[in-house]
Amino acid sequence: GTPIAGAQVVLMAPGRLPNTETLNLPKAGVNLIPGKTYIQVDAFQNTSASNIYALGDVCGAVELTPMAIAAGRRLADRIFGGVADSKTSYELVPTVVFSHPTIGTIGMTEKEAIAKYGEENIKVYKSKFPNLYYGPFSMESDEKPKTFMKLVCAGKTELVVGLHIIGMGADEMLQGFGVAMKMGATKADFDSSVAIHPTGSEELVTMGTWGTSPQFTG
C-alpha cells in the first residue's frame, strides 16, 4: 500500500455489500442494479417480480436501520392497510456518525445545492465555537474542543436545504432540526425560534446578522 504520513486519526469505514449472490434472484425474476449486488426497486419497494418486495440496506438507497423500518411500515400500509399510495421518502434523512465528537448531517452539501439551484441562489451560514459545556474548564478558549455548524440555504426565501454539525450533542440536535427541515423551514423560521441558553443548538437559530434573512415566514 501507500504510506500516509502526518495523520493524527485513522477512520476505517470499509462499508458492506448485500449478500444476494447466493439467493439466485434472477431465477425468481428479481433484477439487481446492473453491476452491483443491490436489488432494483421502484419508489414503492416493488422489485421486477410480481409480489416480491425489497427494502432496507439490500436496496442501497439509504443504508440506515430506521430508514428500513420506515420503508417497511409504509409498505405494510400499502399491502395490508389499504393505503394505495403509501411510500417512504428518501429525502432529508438525518444521519449521524457516532464518532468523537459526533457528526450530524441532513440534506444537501454546499456543492450539491449549488449544482441544483445555482451558485447565485445559495447562501451559506457557518459558525465555529467552543461548546458551552467546556465553559468552566480551566483552559484557554483556543484549546477547548470546537463545534462547527453550517446551514445551506436556497432561493429568495432561504429555504434550509442542508444542515451540518460536528461537535458535542450533534446527534441529539439533529432530530429536532430534521423535523423542521421536513416541514420546509427557512432561515427566517430558524431566526424566529427563541434560543435556548446555554446550549450548543442555540447557535443554529442565531446564525448570521440579525434581520438580514427575508421574512417570508417565521
# chains A, B, ... in the order shown; residues from 1 in each chain; ligands from 1
call {"tool": "residues_around", "arguments": {"residues": "Ser89 of chain A", "least_positions_apart": "6", "cutoff": "12 Å", "atoms": "only C-alpha atoms", "output": "list in words"}}
result
Asp42, Ala43, Phe44, Gln45, Ala61, Val62, Met67, Ala68, Ala70, Ala71, Gly72, Arg74, Leu75 and Lys182 of chain A
call {"tool": "residues_around", "arguments": {"residues": "segment 135-147 of chain A", "least_positions_apart": "2", "cutoff": "8 Å", "atoms": "only C-alpha atoms", "output": "PyMOL selection string"}}
result
chain A and resi 127-133+149+165-168
call {"tool": "residues_around", "arguments": {"residues": "Leu64 of chain A", "least_positions_apart": "2", "cutoff": "12 Å", "atoms": "only C-alpha atoms", "output": "number ranges by chain"}}
result
A: 55-62, 66-71, 90, 93-97
call {"tool": "write_last_selection", "arguments": {"atoms": "all heavy atoms", "output": "short mmCIF file (atom, residue, chain, number, x, y, z; two decimals), in the first residue's frame"}}
result
data_model
loop_
_atom_site.label_atom_id
_atom_site.label_comp_id
_atom_site.auth_asym_id
_atom_site.auth_seq_id
_atom_site.Cartn_x
_atom_site.Cartn_y
_atom_site.Cartn_z
N LEU A 55 -36.56 -4.03 0.69
CA LEU A 55 -36.34 -2.74 1.34
C LEU A 55 -35.11 -2.84 2.23
O LEU A 55 -34.58 -3.91 2.49
CB LEU A 55 -37.58 -2.32 2.14
CG LEU A 55 -38.12 -3.30 3.19
CD1 LEU A 55 -37.43 -3.15 4.52
CD2 LEU A 55 -39.62 -3.07 3.37
N GLY A 56 -34.67 -1.69 2.68
CA GLY A 56 -33.52 -1.65 3.59
C GLY A 56 -32.20 -1.62 2.85
O GLY A 56 -32.10 -1.25 1.68
N ASP A 57 -31.14 -2.03 3.56
CA ASP A 57 -29.78 -1.94 3.03
C ASP A 57 -29.60 -2.68 1.72
O ASP A 57 -28.76 -2.33 0.90
CB ASP A 57 -28.79 -2.51 4.06
CG ASP A 57 -28.69 -1.65 5.31
OD1 ASP A 57 -29.45 -0.67 5.41
OD2 ASP A 57 -27.88 -1.97 6.19
N VAL A 58 -30.39 -3.73 1.51
CA VAL A 58 -30.22 -4.56 0.32
C VAL A 58 -30.58 -3.79 -0.96
O VAL A 58 -30.22 -4.21 -2.06
CB VAL A 58 -31.08 -5.84 0.45
CG1 VAL A 58 -32.56 -5.55 0.19
CG2 VAL A 58 -30.60 -6.95 -0.47
N CYS A 59 -31.25 -2.64 -0.80
CA CYS A 59 -31.60 -1.82 -1.97
C CYS A 59 -30.57 -0.73 -2.23
O CYS A 59 -30.57 -0.13 -3.31
CB CYS A 59 -32.98 -1.19 -1.78
SG CYS A 59 -34.30 -2.41 -1.55
N GLY A 60 -29.74 -0.42 -1.23
CA GLY A 60 -28.63 0.51 -1.43
C GLY A 60 -29.01 1.98 -1.52
O GLY A 60 -28.21 2.79 -1.98
N ALA A 61 -30.21 2.36 -1.07
CA ALA A 61 -30.61 3.77 -1.15
C ALA A 61 -30.04 4.54 0.05
O ALA A 61 -29.07 5.26 -0.08
CB ALA A 61 -32.13 3.89 -1.19
N VAL A 62 -30.65 4.39 1.20
CA VAL A 62 -30.16 5.00 2.44
C VAL A 62 -29.99 3.86 3.44
O VAL A 62 -30.96 3.32 3.95
CB VAL A 62 -31.14 6.05 2.99
CG1 VAL A 62 -30.62 6.62 4.32
CG2 VAL A 62 -31.33 7.17 1.98
N PRO A 66 -33.34 2.78 10.82
CA PRO A 66 -34.64 3.48 10.87
C PRO A 66 -35.24 3.72 9.49
O PRO A 66 -36.47 3.78 9.34
CB PRO A 66 -34.30 4.81 11.57
CG PRO A 66 -33.05 4.53 12.33
CD PRO A 66 -32.28 3.57 11.49
N MET A 67 -34.38 3.87 8.47
CA MET A 67 -34.88 4.04 7.11
C MET A 67 -35.59 2.77 6.64
O MET A 67 -36.65 2.83 6.03
CB MET A 67 -33.70 4.35 6.19
CG MET A 67 -34.07 4.75 4.77
SD MET A 67 -34.68 6.45 4.64
CE MET A 67 -36.43 6.15 4.37
N ALA A 68 -35.00 1.61 6.97
CA ALA A 68 -35.63 0.34 6.60
C ALA A 68 -36.95 0.15 7.34
O ALA A 68 -37.93 -0.34 6.76
CB ALA A 68 -34.68 -0.82 6.92
N ILE A 69 -36.99 0.55 8.61
CA ILE A 69 -38.23 0.45 9.38
C ILE A 69 -39.32 1.32 8.77
O ILE A 69 -40.48 0.90 8.60
CB ILE A 69 -37.99 0.86 10.85
CG1 ILE A 69 -37.07 -0.16 11.53
CG2 ILE A 69 -39.30 1.00 11.62
CD1 ILE A 69 -36.59 0.26 12.91
N ALA A 70 -38.95 2.56 8.40
CA ALA A 70 -39.92 3.47 7.78
C ALA A 70 -40.45 2.90 6.48
O ALA A 70 -41.66 2.94 6.21
CB ALA A 70 -39.26 4.83 7.54
N ALA A 71 -39.55 2.36 5.65
CA ALA A 71 -39.97 1.78 4.38
C ALA A 71 -40.88 0.57 4.60
O ALA A 71 -41.87 0.37 3.89
CB ALA A 71 -38.75 1.38 3.56
N TYR A 90 -37.04 9.23 0.71
CA TYR A 90 -35.61 9.07 0.95
C TYR A 90 -34.89 10.42 0.91
O TYR A 90 -33.67 10.48 0.82
CB TYR A 90 -35.00 8.12 -0.09
CG TYR A 90 -35.41 6.67 0.14
CD1 TYR A 90 -36.55 6.15 -0.46
CD2 TYR A 90 -34.66 5.85 0.97
CE1 TYR A 90 -36.93 4.82 -0.24
CE2 TYR A 90 -35.02 4.53 1.19
CZ TYR A 90 -36.17 4.03 0.58
OH TYR A 90 -36.53 2.72 0.81
N VAL A 93 -33.06 12.86 5.04
CA VAL A 93 -32.92 11.84 6.08
C VAL A 93 -31.78 12.25 7.01
O VAL A 93 -30.62 12.34 6.57
CB VAL A 93 -32.63 10.46 5.47
CG1 VAL A 93 -32.41 9.42 6.58
CG2 VAL A 93 -33.76 10.04 4.55
N PRO A 94 -32.06 12.53 8.28
CA PRO A 94 -30.98 12.89 9.20
C PRO A 94 -30.05 11.70 9.45
O PRO A 94 -30.51 10.58 9.67
CB PRO A 94 -31.72 13.30 10.48
CG PRO A 94 -33.07 12.69 10.39
CD PRO A 94 -33.38 12.52 8.93
N THR A 95 -28.76 11.97 9.40
CA THR A 95 -27.76 10.92 9.52
C THR A 95 -26.68 11.35 10.51
O THR A 95 -26.27 12.51 10.50
CB THR A 95 -27.11 10.63 8.16
OG1 THR A 95 -28.12 10.33 7.20
CG2 THR A 95 -26.16 9.45 8.24
N VAL A 96 -26.26 10.42 11.34
CA VAL A 96 -25.25 10.73 12.36
C VAL A 96 -24.10 9.74 12.28
O VAL A 96 -24.31 8.54 12.08
CB VAL A 96 -25.87 10.71 13.77
CG1 VAL A 96 -24.80 10.75 14.85
CG2 VAL A 96 -26.82 11.89 13.96
N VAL A 97 -22.89 10.26 12.43
CA VAL A 97 -21.70 9.43 12.61
C VAL A 97 -21.35 9.51 14.09
O VAL A 97 -21.08 10.58 14.62
CB VAL A 97 -20.51 9.94 11.76
CG1 VAL A 97 -19.28 9.06 12.00
CG2 VAL A 97 -20.87 9.96 10.29
#
call {"tool": "atom_distance", "arguments": {"atom1": "atom CA of Ile52 of chain A", "atom2": "atom CA of Val30 of chain A"}}
result
7.9 Å
call {"tool": "closest_residue", "arguments": {"among": "A:Thr22, A:Ser48, A:Thr206, A:Ser201", "to": "Ala170 of chain A", "atoms": "only C-alpha atoms"}}
result
A:Ser201
call {"tool": "atom_distance", "arguments": {"atom1": "atom CA of Gln175 of chain A", "atom2": "atom CA of Glu112 of chain A"}}
result
21.8 Å
call {"tool": "atom_distance", "arguments": {"atom1": "atom CA of Gly162 of chain A", "atom2": "atom CA of Arg73 of chain A"}}
result
26.4 Å
call {"tool": "select_by_dssp", "arguments": {"residues": "segment 63-151 of chain A", "states": "strand (DSSP E)", "output": "list in words"}}
result
Thr95, Val96, Val97, Ile103, Gly104, Thr105, Ile106, Gly107, Ile122, Lys123, Val124, Tyr125, Lys126, Ser127, Lys128, Phe129, Pro130, Lys146, Thr147, Phe148, Met149, Lys150 and Leu151 of chain A
call {"tool": "closest_residue", "arguments": {"among": "A:Cys153, A:Glu172, A:His197, A:Asn51", "to": "Pro214 of chain A", "atoms": "only C-alpha atoms"}}
result
A:Cys153
call {"tool": "select_by_dssp", "arguments": {"residues": "segment 4-218 of chain A", "states": "helix (DSSP H, G or I)", "output": "ChimeraX atom specification"}}
result
/A:21-23,25-28,56-59,65-80,110-117,119-121,132-134,141-143,170-182,187-192,201-205
call {"tool": "closest_residue", "arguments": {"among": "A:Thr212, A:Lys126, A:Ala76, A:Ile106", "to": "Ala180 of chain A", "atoms": "only C-alpha atoms"}}
result
A:Ile106
call {"tool": "residues_around", "arguments": {"residues": "Ala154 of chain A", "least_positions_apart": "2", "cutoff": "7 Å", "atoms": "only C-alpha atoms", "output": "compact mmCIF listing (two decimals) with N, CA, C and O atoms, in the first residue's frame"}}
result
# COMPACT_ATOMS: atom_id res chain seq x y z
N TYR A 117 -29.37 24.45 -7.54
CA TYR A 117 -30.04 25.76 -7.53
C TYR A 117 -29.23 26.87 -8.21
O TYR A 117 -29.78 27.93 -8.51
N ASN A 121 -27.91 31.49 -6.17
CA ASN A 121 -29.12 31.29 -5.37
C ASN A 121 -28.85 30.61 -4.04
O ASN A 121 -29.79 30.21 -3.34
N ILE A 122 -27.59 30.46 -3.67
CA ILE A 122 -27.23 29.77 -2.45
C ILE A 122 -26.57 30.74 -1.47
O ILE A 122 -25.72 31.54 -1.84
N LYS A 123 -27.00 30.68 -0.22
CA LYS A 123 -26.35 31.44 0.84
C LYS A 123 -25.99 30.47 1.96
O LYS A 123 -26.81 29.64 2.36
N VAL A 152 -27.04 25.55 4.81
CA VAL A 152 -27.04 25.82 3.37
C VAL A 152 -28.46 26.20 2.99
O VAL A 152 -29.40 25.42 3.19
N LYS A 156 -34.81 32.93 -2.71
CA LYS A 156 -35.13 34.18 -2.02
C LYS A 156 -35.65 33.94 -0.61
O LYS A 156 -35.44 34.74 0.31
N GLU A 158 -34.68 31.64 1.29
CA GLU A 158 -33.61 30.98 2.04
C GLU A 158 -34.11 29.69 2.70
O GLU A 158 -33.98 29.47 3.89
N LEU A 159 -34.70 28.84 1.85
CA LEU A 159 -35.10 27.50 2.30
C LEU A 159 -33.86 26.76 2.78
O LEU A 159 -32.84 26.72 2.10
N VAL A 160 -33.94 26.17 3.96
CA VAL A 160 -32.80 25.44 4.50
C VAL A 160 -32.75 24.07 3.83
O VAL A 160 -33.61 23.22 4.06
N VAL A 161 -31.76 23.87 2.97
CA VAL A 161 -31.66 22.62 2.21
C VAL A 161 -30.52 21.73 2.71
O VAL A 161 -30.39 20.59 2.29
call {"tool": "closest_residue", "arguments": {"among": "A:Ser192, A:Asn46, A:Thr102, A:Asn19", "to": "Arg78 of chain A", "atoms": "only C-alpha atoms"}}
result
A:Asn46
